[in-house]
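Structure first, then comments.
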Amino acid sequence: MSKEKDDLIARSKQYWNPGKTSEWQRMGVDLVIDRREAYYLWDVDGRRLIDVHLNGGTYSLGHRNPEVVEAVREGMAYFDIGNHHFPSIMRTHVAEMLERLTPAGLKRTIFASGGAEAIDIALKSARNATKRRKIICIERCYHGHTGLAVQVGGSRQGAVQRS
Ligand SMILES: Cc1ncc(COP(=O)(O)O)c(C=O)c1O
């Protein structure tokens, strides 16, 4: 392992997530992802890998897809994140598109910043619609780190369980 990778792993344990970083090391996965392009990843030691990760953090359109990069660049040249208290040109446009593309009856969109927040919104919407509170989930599942999502997940989120 290079000194650069060694140092990054040590800093990852110190400043980010000691448990998760150490678990990968224990399993012999010493990956620190650097460059990404299409379906390839390079770790900081220069190893090229094919990204076949099927979970959170998947890139079904490939890493840094040029069309996506261009759309983000174009958008950021004009818009920023906006002010969510007011009606928005782009949010309205995307919500309108989704209404057209989804099955009849799905009329409105709530935007979320990620998977866990979307799970929370779905659970809260279901509770509101059904007036029921109980949530059934499978054991040792993972739905993210926000309020309800973390409550319905297994107790050691994101960690590999050992028996
Ligand atoms: C199955 C599953 N659900 C929910 C999430 C949470 O998504 P996010 O990290 O975007 O909040 C993840 C993230 O890895 C996931 O794998």
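Residue numbers start at 1 in each chain; chains themselves are named A, B, ... in the order of the structure tokens; ligands are numbered from 1 in the order shown.
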Check which residues fall inside 7 Å of ligand 1 when counting only C-alpha atoms and all ligand atoms, and print them as a PDB file with C-alpha atoms, in the first residue's frame.
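The result, written out as selection-v6.pdb:
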```pdb
ATOM      1  CA  ASN A  55     -26.372  -0.887  -3.661  1.00  0.00           C
ATOM      2  CA  GLY A  56     -26.343   2.741  -2.587  1.00  0.00           C
ATOM      3  CA  GLY A  57     -23.819   4.705  -4.616  1.00  0.00           C
ATOM      4  CA  GLY A 114     -31.281  11.447  -1.024  1.00  0.00           C
ATOM      5  CA  GLY A 115     -32.567   7.935  -0.445  1.00  0.00           C
ATOM      6  CA  ALA A 116     -33.045   8.075   3.312  1.00  0.00           C
ATOM      7  CA  GLU A 117     -35.010  11.303   3.129  1.00  0.00           C
ATOM      8  CA  TYR A 142     -30.763  -0.686   5.701  1.00  0.00           C
ATOM      9  CA  HIS A 143     -32.747   2.349   4.568  1.00  0.00           C
ATOM     10  CA  GLY A 144     -30.391   5.217   5.424  1.00  0.00           C
ATOM     11  CA  HIS A 145     -29.550   7.476   8.321  1.00  0.00           C
TER      12      HIS A 145
END
```
Name all residues at most 12 Å from Phe111 (chain A) (count only C-alpha atoms; drop same-chain ones fewer than 3 positions away) and give them as a PyMOL selection string.
chain A and resi 84+90-92+94-95+98+108+114-115+117-122
Just the selected residues (N, CA and C atoms), exported as a short mmCIF file (atom, residue, chain, number, x, y, z; two decimals), in the first residue's frame, please.
```
data_model
loop_
_atom_site.label_atom_id
_atom_site.label_comp_id
_atom_site.auth_asym_id
_atom_site.auth_seq_id
_atom_site.Cartn_x
_atom_site.Cartn_y
_atom_site.Cartn_z
N HIS A 84 -36.35 27.42 -1.09
CA HIS A 84 -37.47 26.47 -1.13
C HIS A 84 -38.80 27.05 -0.64
N MET A 90 -37.51 25.54 -12.08
CA MET A 90 -37.05 24.17 -12.38
C MET A 90 -37.81 23.11 -11.60
N ARG A 91 -38.07 23.39 -10.32
CA ARG A 91 -38.83 22.39 -9.53
C ARG A 91 -40.20 22.15 -10.16
N THR A 92 -40.84 23.24 -10.59
CA THR A 92 -42.16 23.10 -11.21
C THR A 92 -42.06 22.31 -12.51
N VAL A 94 -39.73 20.07 -13.43
CA VAL A 94 -39.45 18.64 -13.17
C VAL A 94 -40.69 17.94 -12.63
N ALA A 95 -41.41 18.62 -11.72
CA ALA A 95 -42.62 18.02 -11.14
C ALA A 95 -43.67 17.77 -12.23
N LEU A 98 -42.62 14.75 -14.23
CA LEU A 98 -42.89 13.51 -13.50
C LEU A 98 -44.37 13.15 -13.51
N ARG A 108 -48.50 14.96 -7.60
CA ARG A 108 -47.55 15.94 -7.05
C ARG A 108 -46.23 15.28 -6.71
N GLY A 114 -31.92 12.76 -0.91
CA GLY A 114 -31.28 11.45 -1.02
C GLY A 114 -32.25 10.34 -0.69
N GLY A 115 -31.73 9.11 -0.66
CA GLY A 115 -32.57 7.94 -0.44
C GLY A 115 -33.25 7.90 0.91
N GLU A 117 -33.97 10.28 2.99
CA GLU A 117 -35.01 11.30 3.13
C GLU A 117 -36.27 10.89 2.35
N ALA A 118 -36.06 10.26 1.19
CA ALA A 118 -37.21 9.79 0.41
C ALA A 118 -37.98 8.71 1.17
N ILE A 119 -37.24 7.83 1.87
CA ILE A 119 -37.89 6.78 2.68
C ILE A 119 -38.72 7.45 3.79
N ASP A 120 -38.14 8.45 4.44
CA ASP A 120 -38.86 9.16 5.51
C ASP A 120 -40.16 9.76 4.98
N ILE A 121 -40.06 10.39 3.83
CA ILE A 121 -41.24 11.03 3.24
C ILE A 121 -42.31 9.98 2.91
N ALA A 122 -41.86 8.84 2.35
CA ALA A 122 -42.81 7.77 2.01
C ALA A 122 -43.51 7.24 3.26
#
```
Return as a Markdown table the residues of region 63-149 of chain A lying at most 12 Å from region 15-36 of chain A, together with the closest atom-to-atom pair for each and the distance in Å to one decimal, counting only C-alpha atoms, with rows in chain order and ascending residue number.
```
| residue | atom | partner | partner_atom | distance |
| --- | --- | --- | --- | --- |
| A:His63 | CA | A:Arg36 | CA | 5.8 |
| A:Arg64 | CA | A:Arg36 | CA | 7.1 |
| A:Asn65 | CA | A:Arg36 | CA | 10.0 |
```
Could you tell me, as number ranges by chain, which residues of region 72-144 of chain A DSSP assigns to helix (DSSP H, G or I) when given the backbone?
A: 72-76, 89-101, 115-130
